[in-house]
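Novice: Below you will find the structure I want to go over with you.
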Amino acid sequence: VPPAEQEKLFVQKLRQCCVLFDFVSDPLSDLKWKEVKRAALSEMVEYITHNRNVITEPIYPEVVHM
């Protein structure tokens, strides 16, 4: 992803990770989307770990909402 679009993609992944899944009543439902969420969370952790100053002011409200 070009540097100019990284913040936008990060916000999209944060919003994607706000989706809640029911692991109690039907743990096998939505397996594809659960994997998508897990992958997005993993990618965000890696991005934050390997880059500096990635949590910018526009990202804070999205993180708090998540």
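Chain identifiers are assigned as A, B, and so on, following the order in which chains appear in the structure tokens; residues are numbered from 1 within each chain, and ligands are numbered from 1 in order of appearance.
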Tell me which protein, DNA and RNA residues are within 12 Å of A:Lys8, counting only C-alpha atoms, leaving out same-chain ones fewer than 2 positions away, and put them as an NGL selection string.
Specialist: :A and (1-6 or 10-15 or 54-56 or 58-59 or 62)
Novice: Please indicate the distance in Å from atom CA of A:Asn51 to atom CA of A:Gln16, rounded to one decimal place.
Specialist: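 Straight-line distance from atom CA of A:Asn51 to atom CA of A:Gln16 works out to 21.2 Å.
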Novice: By how many Å are atom CA of A:Cys17 and atom CA of A:Arg38 apart?
Specialist: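 So the two atoms, atom CA of A:Cys17 and atom CA of A:Arg38, lie 8.3 Å apart.
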Novice: Point out the residue among A:Val36, A:Met44, A:Glu7, A:His65 with the least atom-to-atom distance to A:Phe21, counting only C-alpha atoms.
Specialist: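 Checking each of A:Val36, A:Met44, A:Glu7, A:His65 against A:Phe21, counting only C-alpha atoms, the winner is A:Val36.
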Novice: Report as a PyMOL selection string: the residues of chain A with a DSSP assignment of alpha helix (DSSP H), based on the backbone of this structure.
Specialist: chain A and resi 3-16+31-50+60-65
Novice: Could you work out how far atom CA of A:Val63 lies from atom CA of A:Tyr47, giving the answer in Å with one decimal?
Specialist: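 Calculated distance between atom CA of A:Tyr47 and atom CA of A:Val63 is 14.6 Å.
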